[in-house]
Amino acid sequence: MSGLLLLAVVLALFALPTAALWLLGRRLLLPAGELAMGATAVWITSVWAVVILGGVLSQRAQPVLFPETSPCHNAGTPVARYFPPDAFCLHDDGELRTVNGDTGRLLFWLACGTAVGIPVAALLALRRHR
């Protein structure tokens, strides 16, 4: 059952949007080489960057393999927020302190903007083309 779920997730997050973007490019009469190396490759990379960075940023405070290396070890309870992804330590005084720096969050939002912006730009180009 988990294999079927993984296949559905890969299909929903990767295959269907990639095929839709490819078809939009073909309707715009872009050459196949430009589609393969251009916007589609950048879009696929940005989607995977969003997935990986989101997972890393949200789970950074969790004591998975080595609990003593967790930023919350002996300092508080780890708390995760999944969107926008961030990890916190809940301290005894009730204060939430993030364990992620600004760079990781900036990279996530840049990748997210690219992942959303490329299909929107392709749709706008298709409208102008008609």
# chains A, B, ... in the order shown; residues from 1 in each chain; ligands from 1
call {"tool": "select_by_dssp", "arguments": {"residues": "chain A", "states": "alpha helix (DSSP H)", "output": "PyMOL selection string"}}
result
chain A and resi 2-10+16-27+32-37+39-59+102-129
call {"tool": "residues_around", "arguments": {"residues": "Leu24 in chain A", "least_positions_apart": "5", "cutoff": "10 Å", "atoms": "only C-alpha atoms", "output": "ChimeraX atom specification"}}
result
/A:18-19,29-30,35,119,122-123,125-126
call {"tool": "write_last_selection", "arguments": {"atoms": "N, CA, C and O atoms", "output": "PDB file, in the first residue's frame"}}
result
ATOM      1  N   THR A  18       4.807  18.354 -14.733  1.00  0.00           N
ATOM      2  CA  THR A  18       5.837  18.385 -15.763  1.00  0.00           C
ATOM      3  C   THR A  18       5.224  18.165 -17.143  1.00  0.00           C
ATOM      4  O   THR A  18       5.564  18.866 -18.101  1.00  0.00           O
ATOM      5  N   ALA A  19       4.314  17.223 -17.237  1.00  0.00           N
ATOM      6  CA  ALA A  19       3.642  16.979 -18.517  1.00  0.00           C
ATOM      7  C   ALA A  19       2.812  18.192 -18.934  1.00  0.00           C
ATOM      8  O   ALA A  19       2.784  18.549 -20.123  1.00  0.00           O
ATOM      9  N   LEU A  29       4.782  26.342 -29.492  1.00  0.00           N
ATOM     10  CA  LEU A  29       5.675  25.987 -30.600  1.00  0.00           C
ATOM     11  C   LEU A  29       7.147  26.189 -30.260  1.00  0.00           C
ATOM     12  O   LEU A  29       7.951  26.591 -31.095  1.00  0.00           O
ATOM     13  N   LEU A  30       7.492  25.924 -29.002  1.00  0.00           N
ATOM     14  CA  LEU A  30       8.898  25.980 -28.600  1.00  0.00           C
ATOM     15  C   LEU A  30       9.600  24.717 -29.084  1.00  0.00           C
ATOM     16  O   LEU A  30       9.010  23.640 -29.091  1.00  0.00           O
ATOM     17  N   LEU A  35      12.675  23.139 -24.594  1.00  0.00           N
ATOM     18  CA  LEU A  35      11.812  22.677 -23.507  1.00  0.00           C
ATOM     19  C   LEU A  35      12.576  21.772 -22.551  1.00  0.00           C
ATOM     20  O   LEU A  35      12.432  21.869 -21.348  1.00  0.00           O
ATOM     21  N   PRO A 119       5.126  28.000 -14.280  1.00  0.00           N
ATOM     22  CA  PRO A 119       3.848  27.649 -14.924  1.00  0.00           C
ATOM     23  C   PRO A 119       2.946  28.862 -15.173  1.00  0.00           C
ATOM     24  O   PRO A 119       2.253  28.924 -16.200  1.00  0.00           O
ATOM     25  N   ALA A 122       4.233  30.515 -18.241  1.00  0.00           N
ATOM     26  CA  ALA A 122       3.881  29.732 -19.423  1.00  0.00           C
ATOM     27  C   ALA A 122       2.425  29.929 -19.806  1.00  0.00           C
ATOM     28  O   ALA A 122       2.092  30.058 -20.985  1.00  0.00           O
ATOM     29  N   LEU A 123       1.544  30.001 -18.809  1.00  0.00           N
ATOM     30  CA  LEU A 123       0.133  30.253 -19.108  1.00  0.00           C
ATOM     31  C   LEU A 123      -0.085  31.649 -19.688  1.00  0.00           C
ATOM     32  O   LEU A 123      -0.875  31.829 -20.620  1.00  0.00           O
ATOM     33  N   ALA A 125       2.116  33.370 -21.375  1.00  0.00           N
ATOM     34  CA  ALA A 125       2.661  33.341 -22.732  1.00  0.00           C
ATOM     35  C   ALA A 125       1.700  32.646 -23.696  1.00  0.00           C
ATOM     36  O   ALA A 125       1.540  33.070 -24.848  1.00  0.00           O
ATOM     37  N   LEU A 126       1.016  31.621 -23.224  1.00  0.00           N
ATOM     38  CA  LEU A 126       0.043  30.945 -24.062  1.00  0.00           C
ATOM     39  C   LEU A 126      -1.133  31.869 -24.377  1.00  0.00           C
ATOM     40  O   LEU A 126      -1.627  31.896 -25.502  1.00  0.00           O
TER      41      LEU A 126
END
call {"tool": "select_by_dssp", "arguments": {"residues": "chain A", "states": "strand (DSSP E or B)", "output": "VMD selection string"}}
result
chain A and resid 77 to 82 85 to 90 96 to 98
call {"tool": "atom_distance", "arguments": {"atom1": "CA of Ala111 in chain A", "atom2": "CA of Gly3 in chain A"}}
result
27.5 Å
call {"tool": "atom_distance", "arguments": {"atom1": "CA of Ala15 in chain A", "atom2": "CA of Val50 in chain A"}}
result
15.8 Å
call {"tool": "residues_around", "arguments": {"residues": "Asp102 in chain A", "least_positions_apart": "4", "cutoff": "12 Å", "atoms": "only C-alpha atoms", "output": "JSON, numbers by chain"}}
result
{"A": [57, 85, 86, 98, 106, 107, 108, 109]}
call {"tool": "residues_around", "arguments": {"residues": "Gly55 in chain A", "least_positions_apart": "5", "cutoff": "12 Å", "atoms": "only C-alpha atoms", "output": "list in words"}}
result
Trp48, Ala49, Val50, Arg60, Ala61, Gln62, Ala80, Arg81, Tyr82, Phe83, Pro84, Pro85, Asp86, Ala87, Gly104, Arg105 and Phe108 of chain A
call {"tool": "atom_distance", "arguments": {"atom1": "CA of Ala115 in chain A", "atom2": "CA of Trp43 in chain A"}}
result
5.6 Å
call {"tool": "residues_around", "arguments": {"residues": "Pro78 in chain A", "least_positions_apart": "6", "cutoff": "10 Å", "atoms": "only C-alpha atoms", "output": "compact mmCIF listing (two decimals) with N, CA, C and O atoms, in the first residue's frame"}}
result
# COMPACT_ATOMS: atom_id res chain seq x y z
N GLN A 59 12.06 19.76 9.88
CA GLN A 59 12.47 18.67 10.77
C GLN A 59 13.83 18.89 11.41
O GLN A 59 14.37 17.97 12.01
N ARG A 60 14.36 20.07 11.31
CA ARG A 60 15.73 20.31 11.78
C ARG A 60 15.89 20.15 13.28
O ARG A 60 16.96 19.77 13.76
N ALA A 61 14.87 20.44 14.07
CA ALA A 61 14.99 20.36 15.52
C ALA A 61 14.68 18.97 16.07
O ALA A 61 14.87 18.73 17.25
N GLN A 62 14.24 18.05 15.23
CA GLN A 62 13.84 16.73 15.70
C GLN A 62 15.07 15.87 15.99
O GLN A 62 15.99 15.81 15.18
N PRO A 63 15.09 15.20 17.12
CA PRO A 63 16.22 14.32 17.45
C PRO A 63 16.05 12.95 16.81
O PRO A 63 15.60 12.00 17.42
N SER A 70 20.69 17.43 18.47
CA SER A 70 19.51 18.25 18.20
C SER A 70 19.68 19.63 18.83
O SER A 70 20.20 19.75 19.94
N PRO A 71 19.27 20.70 18.14
CA PRO A 71 19.37 22.04 18.72
C PRO A 71 18.54 22.20 19.99
O PRO A 71 18.79 23.08 20.79
N CYS A 72 17.55 21.32 20.19
CA CYS A 72 16.68 21.41 21.37
C CYS A 72 17.12 20.47 22.49
O CYS A 72 16.42 20.35 23.49
N ALA A 87 11.35 25.08 12.13
CA ALA A 87 11.47 24.25 13.32
C ALA A 87 11.80 25.15 14.50
O ALA A 87 12.55 26.12 14.38
N PHE A 88 11.20 24.83 15.63
CA PHE A 88 11.35 25.65 16.83
C PHE A 88 11.71 24.79 18.02
O PHE A 88 11.48 23.58 18.02
N CYS A 89 12.23 25.44 19.04
CA CYS A 89 12.40 24.84 20.36
C CYS A 89 11.43 25.55 21.30
O CYS A 89 11.45 26.77 21.41
N LEU A 90 10.56 24.78 21.94
CA LEU A 90 9.66 25.33 22.94
C LEU A 90 10.36 25.22 24.29
O LEU A 90 10.58 24.14 24.81
N HIS A 91 10.75 26.37 24.83
CA HIS A 91 11.51 26.41 26.08
C HIS A 91 10.57 26.37 27.28
O HIS A 91 9.35 26.56 27.15
N LEU A 96 8.96 30.29 21.99
CA LEU A 96 9.35 29.52 20.82
C LEU A 96 10.52 30.22 20.15
O LEU A 96 10.43 31.39 19.80
N ARG A 97 11.62 29.52 19.96
CA ARG A 97 12.77 30.07 19.27
C ARG A 97 13.08 29.20 18.06
O ARG A 97 13.19 27.99 18.17
N THR A 98 13.24 29.85 16.92
CA THR A 98 13.52 29.11 15.70
C THR A 98 14.96 28.59 15.72
O THR A 98 15.84 29.19 16.31
N VAL A 99 15.15 27.46 15.04
CA VAL A 99 16.49 26.90 14.93
C VAL A 99 17.05 27.08 13.52
O VAL A 99 18.18 26.73 13.26
